[in-house]
Amino acid sequence: MYDLCVVGAGMIGSAAARHASLQPNIRVCLVGPEEPKERSMDSPREIFASHYDESRITRRSDPDPIWATLGQKAMDRYRDLEATSGLNFYSETGCMMAGPPAGQFMTKTQETVTSQNIQHDYLTPKLLRQRFPYMNLPDTDGAIYETKNAGYINPRVLIAAQEQIARDNGCVVINDVVYEITQQDDNGASLMSVLTEGGQKIEARRVLIATGSFTNFRNLLPPGQEPDLMLVPLAVAKVEVSVEDAKRLRDMPSMIYKGEGNTNWPEDYPRYPNKLYGIYLLPPIKYPDGKFYIKCGYLHGTESRRLSTVAEVKAWFCTEGVTPLVTKSADLVTAVTKDIKPLSYHGDHCIVTETPTHRIYIDLVHPDLGVAIGGNGYAAKSSDEIGRIAAMLVLYGKWDSELPAETFKLKLKDTSKNNL
Ligand SMILES: Cc1cc2nc3c(=O)[nH]c(=O)nc-3n(C[C@H](O)[C@H](O)[C@H](O)COP(=O)(O)OP(=O)(O)OC[C@H]3O[C@@H](n4cnc5c(N)ncnc54)[C@H](O)[C@@H]3O)c2cc1C
C-alpha cells in the first residue's frame with residue numbers, strides 16, 4: 001500500500017512524485033507509460049504526452065503574474081535538480097518577449113517584470129535591431145529581454161532527472177496506463193484503487209492525477225465528473241541549419257512574439273481573431289541526431305480547432321510528414337531569422353490543454369484524490385512548482401503556496417447537457 005500514487009509520469013507527475021518522495025515516511029509510486037519508440041495509427045497505443053521534445057521555453061516573465069510566479073519558483077530549483085541528478089536540462093540562452101511596445105502583451109509583461117522585480121533589458125525598437133540584426137521583426141517592435149535566468153529546458157531530460165531523484169528516494173515507477181481509479185472502503189478507512197491496462201492493481205491512501213490532455217479518456221475521476229479541458233492541436237516545424245549558421249546565431253535567445261509581424265511573414269498562418277501573430281521561436285539546438293534545428297510554432301490562442309475524442313487526439317499525435325502547417329512554420333523561421341540557409345525541415349504534432357480559467361487546476365476532487373492538470377501551454381517550465389504544490393495538497397490537505405488556492409480551482413464540465 002502506497003501513501004501516494006501519482007498517475008501520469010509527465011512533466012507535472014514526475015515533479016510531484018519527486019517532491020512527495022522527499023517527505024519523511026511517505027511511500028510513493030508514479031504510474032505512466034514511457035514515450036513510444038514510434039507513433040503509429042497501426043499501434044493500439046492511445047495515450048501519448050505533451051513533452052516528447054528536446055526544448056521548451058523557460059522564462060521568469062509572463063503577462064500573467066500567476067504564471068510568472070509559478071515559473072520563477074520552479075526555475076529557482078533547476079540548478080539543484082541538475083546537480084542532484086547529474087542530468088543537465090537547462091540552457092540559459094535568455095528569453096525575449098517581443099511585440100509592439102504599447103500592445104497588451106508587452107504592457108502586461110512589463111507590469112509583471114516591474115512588480116516582480118525580474119531582471120531584464122528593455123529593448124526599444126532601435127536597440128532591438130542593433131542587438132539582434134539577424135531578426136526580421138517590424139521596425140516599430142520592442143522587446144523585454146531576460147538576458148539571464150531564462151532560455152530553454154529539455155523536457156525529456158527534466159523528467160528523467162525528476163524520476164531518478166524520486167527513485168533514489170524510494171519512489172516506485174510503473175510503466176503502464178491507468179484505466180480506472182476508484183475509492184473503496186478499507187475497514188472504515190478510505191482506500192484508493194488504481195487499475196492499469198497491464199493488469200496491475202495499485203492500492204494507495206491517496207492519488208494525484210497528472211495526466212494532461214488525456215485525463216478525460218480513461219475513468220480517472222468519479223463517474224459524472226469531467227474536468228473542463230479543451231484540447232488544442234499544435235503543429236511545429238524544426239528547421240535544420242548548418243553548424244556555421246548555429247554558430248552565427250549563438251547569442252539568439254528563445255522568443256515569444258505577439259504582434260503584426262513583418263510583410264514577408266506567411267499571411268495564412270494561424271493568428272488571433274484580431275489578426276495578430278502569436279509565435280514562439282527557439283534558437284538552434286543540437287538534437288539527438290547531431291543536427292541543429294530552429295524550432296517554431298504558433299501559440300495556442302491562434303488556433304480555433306478543439307479536439308474532443310481519443311481517436312482525434314491519437315490521429316493528431318500520429319500525423320506524419322510535412323503538412324501545410326509545418327511548411328508554413330518552416331517558412332516563418334526563414335522569414336524571421338535573416339540569411340539562414342535551411343538544410344531541411346520536418347514537423348511534429350502536439351496538444352496544449354486549455355482551461356477556461358487559463359490557469360492550471362491544482363485542486364482536490366475529494367480528500368484522497370487530487371488533480372494537477374491544464375498546463376495551458378505554460379506548464380513545462382513551471383512543472384516543478386506545480387508538482388510540489390499538488391503533492392503537498394494531496395498528501396497533507398494543505399495549500400502550500402503564497403498564490404491563492406482559489407486561482408487553481410478545478411472546473412468540471414456540465415455533463416448534464418449530454419444526458420438530455
Ligand atoms: C508544441 C508545444 C510547445 C510547448 N512549449 C512550451 C514552452 O515553450 N514552455 C512551457 O512551459 N510549456 C510549453 N508547452 C506546454 C507543456 O509542454 C505542457 O504544459 C506540459 O507538458 C504539461 O505537463 P503535464 O504533466 O500536464 O502533461 P504531460 O507532460 O503531457 O504529461 C502527462 C503524462 O500523463 C500520462 N498519462 C496520460 N493518461 C494516462 C493514464 N490514463 N495513465 C497513466 N498515464 C497517463 C501521459 O502519457 C504523460 O506522460 C508546450 C506544449 C506544446 C504542445
# chains A, B, ... in the order shown; residues from 1 in each chain; ligands from 1
>>> residues_near_ligand(ligand="ligand 1", cutoff="6 Å", atoms="only C-alpha atoms and all ligand atoms", output="MDAnalysis selection string")
chainID A and resid 7:13 31:33 47:51 56:58 177:179 210:212 214:215 218 234 350:352 373 375:381
>>> residues_around(residues="region 25-29 of chain A", least_positions_apart="2", cutoff="6 Å", atoms="only C-alpha atoms", output="list in words")
Tyr2, Asp3, Leu4, Cys5, Gln23, Cys171, Val172 and Val173 of chain A
>>> select_by_dssp(residues="region 54-226 of chain A", states="alpha helix (DSSP H)", output="PyMOL selection string")
chain A and resi 65-75+78-85+104-115+125-131+155-168
>>> write_last_selection(atoms="C-alpha atoms", output="PDB file, in the first residue's frame")
ATOM      1  CA  PRO A  65       1.690  37.384 -12.731  1.00  0.00           C
ATOM      2  CA  ILE A  66       0.416  33.980 -11.542  1.00  0.00           C
ATOM      3  CA  TRP A  67       2.173  32.051 -14.310  1.00  0.00           C
ATOM      4  CA  ALA A  68       5.258  34.227 -13.816  1.00  0.00           C
ATOM      5  CA  THR A  69       5.432  33.306 -10.114  1.00  0.00           C
ATOM      6  CA  LEU A  70       5.000  29.584 -10.790  1.00  0.00           C
ATOM      7  CA  GLY A  71       7.806  29.767 -13.351  1.00  0.00           C
ATOM      8  CA  GLN A  72      10.188  31.600 -11.043  1.00  0.00           C
ATOM      9  CA  LYS A  73       9.669  29.211  -8.136  1.00  0.00           C
ATOM     10  CA  ALA A  74      10.347  26.224 -10.399  1.00  0.00           C
ATOM     11  CA  MET A  75      13.358  27.830 -12.077  1.00  0.00           C
ATOM     12  CA  TYR A  78      16.672  23.899 -11.778  1.00  0.00           C
ATOM     13  CA  ARG A  79      20.364  24.001 -10.925  1.00  0.00           C
ATOM     14  CA  ASP A  80      19.881  21.994  -7.713  1.00  0.00           C
ATOM     15  CA  LEU A  81      17.898  19.412  -9.664  1.00  0.00           C
ATOM     16  CA  GLU A  82      20.693  19.179 -12.205  1.00  0.00           C
ATOM     17  CA  ALA A  83      23.363  18.841  -9.512  1.00  0.00           C
ATOM     18  CA  THR A  84      21.447  16.155  -7.588  1.00  0.00           C
ATOM     19  CA  SER A  85      20.548  14.091 -10.645  1.00  0.00           C
ATOM     20  CA  GLN A 104      -1.379  44.364 -24.395  1.00  0.00           C
ATOM     21  CA  PHE A 105       1.202  41.559 -24.423  1.00  0.00           C
ATOM     22  CA  MET A 106       4.128  43.901 -23.878  1.00  0.00           C
ATOM     23  CA  THR A 107       2.424  46.239 -21.406  1.00  0.00           C
ATOM     24  CA  LYS A 108       1.180  43.352 -19.245  1.00  0.00           C
ATOM     25  CA  THR A 109       4.594  41.659 -19.345  1.00  0.00           C
ATOM     26  CA  GLN A 110       6.208  44.997 -18.424  1.00  0.00           C
ATOM     27  CA  GLU A 111       3.847  45.291 -15.438  1.00  0.00           C
ATOM     28  CA  THR A 112       4.887  41.817 -14.250  1.00  0.00           C
ATOM     29  CA  VAL A 113       8.640  42.325 -14.661  1.00  0.00           C
ATOM     30  CA  THR A 114       8.350  45.616 -12.781  1.00  0.00           C
ATOM     31  CA  SER A 115       6.116  44.396  -9.954  1.00  0.00           C
ATOM     32  CA  PRO A 125      12.745  49.126 -31.420  1.00  0.00           C
ATOM     33  CA  LYS A 126      16.129  50.674 -32.267  1.00  0.00           C
ATOM     34  CA  LEU A 127      18.017  48.701 -29.627  1.00  0.00           C
ATOM     35  CA  LEU A 128      16.256  45.501 -30.681  1.00  0.00           C
ATOM     36  CA  ARG A 129      17.510  45.910 -34.275  1.00  0.00           C
ATOM     37  CA  GLN A 130      21.026  46.721 -33.062  1.00  0.00           C
ATOM     38  CA  ARG A 131      21.176  43.846 -30.601  1.00  0.00           C
ATOM     39  CA  PRO A 155      11.580  18.341 -21.078  1.00  0.00           C
ATOM     40  CA  ARG A 156      12.667  14.730 -21.605  1.00  0.00           C
ATOM     41  CA  VAL A 157      15.791  15.213 -19.515  1.00  0.00           C
ATOM     42  CA  LEU A 158      13.935  17.184 -16.822  1.00  0.00           C
ATOM     43  CA  ILE A 159      11.513  14.264 -16.429  1.00  0.00           C
ATOM     44  CA  ALA A 160      14.427  11.808 -16.309  1.00  0.00           C
ATOM     45  CA  ALA A 161      16.032  13.933 -13.570  1.00  0.00           C
ATOM     46  CA  GLN A 162      12.779  14.078 -11.549  1.00  0.00           C
ATOM     47  CA  GLU A 163      12.252  10.327 -11.850  1.00  0.00           C
ATOM     48  CA  GLN A 164      15.826   9.496 -10.989  1.00  0.00           C
ATOM     49  CA  ILE A 165      15.765  11.533  -7.779  1.00  0.00           C
ATOM     50  CA  ALA A 166      12.317  10.182  -6.897  1.00  0.00           C
ATOM     51  CA  ARG A 167      13.587   6.612  -7.407  1.00  0.00           C
ATOM     52  CA  ASP A 168      16.668   7.323  -5.288  1.00  0.00           C
TER      53      ASP A 168
END
>>> residues_around(residues="region 341-347 of chain A", least_positions_apart="2", cutoff="8 Å", atoms="only C-alpha atoms", output="PyMOL selection string")
chain A and resi 235-242+245+320-323+326+330+334+339+349
>>> atom_distance(atom1="CA of Leu276 (chain A)", atom2="CA of Ser308 (chain A)")
26.5 Å
>>> closest_residue(among="A:Glu226, A:Met255, A:Leu364, A:Gly278", to="Lys413 (chain A)", atoms="only C-alpha atoms")
A:Glu226
>>> residues_around(residues="region 91-103 of chain A", least_positions_apart="3", cutoff="10 Å", atoms="only C-alpha atoms", output="number ranges by chain")
A: 55, 57-63, 88, 106-110, 120-125, 128, 137-154, 250-261, 276-278, 280-283, 285
>>> closest_atom_pairs(of="region 1-73 of chain A", to="region 386-397 of chain A", cutoff="6 Å", atoms="only C-alpha atoms", output="tab-separated table")
residue	atom	partner	partner_atom	distance
A:Ile12	CA	A:Gly387	CA	5.0
A:Ala15	CA	A:Gly387	CA	4.9
A:Ala16	CA	A:Gly387	CA	3.9
A:His19	CA	A:Arg388	CA	5.6
A:Ala20	CA	A:Ala391	CA	5.8
>>> closest_residue(among="A:Ser193, A:Ile209, A:Asn187, A:Glu244", to="Lys291 (chain A)", atoms="only C-alpha atoms")
A:Glu244
>>> residues_around(residues="region 34-43 of chain A", least_positions_apart="6", cutoff="7 Å", atoms="only C-alpha atoms", output="list in words")
Asn175, Ala315 and Cys318 of chain A
>>> write_last_selection(atoms="C-alpha atoms", output="mmCIF file, in the first residue's frame")
data_model
loop_
_atom_site.group_PDB
_atom_site.id
_atom_site.type_symbol
_atom_site.label_atom_id
_atom_site.label_comp_id
_atom_site.auth_asym_id
_atom_site.auth_seq_id
_atom_site.Cartn_x
_atom_site.Cartn_y
_atom_site.Cartn_z
ATOM 1 C CA ASN A 175 5.418 1.902 -16.840
ATOM 2 C CA ALA A 315 -4.663 10.800 -35.093
ATOM 3 C CA CYS A 318 0.388 10.228 -35.191
#
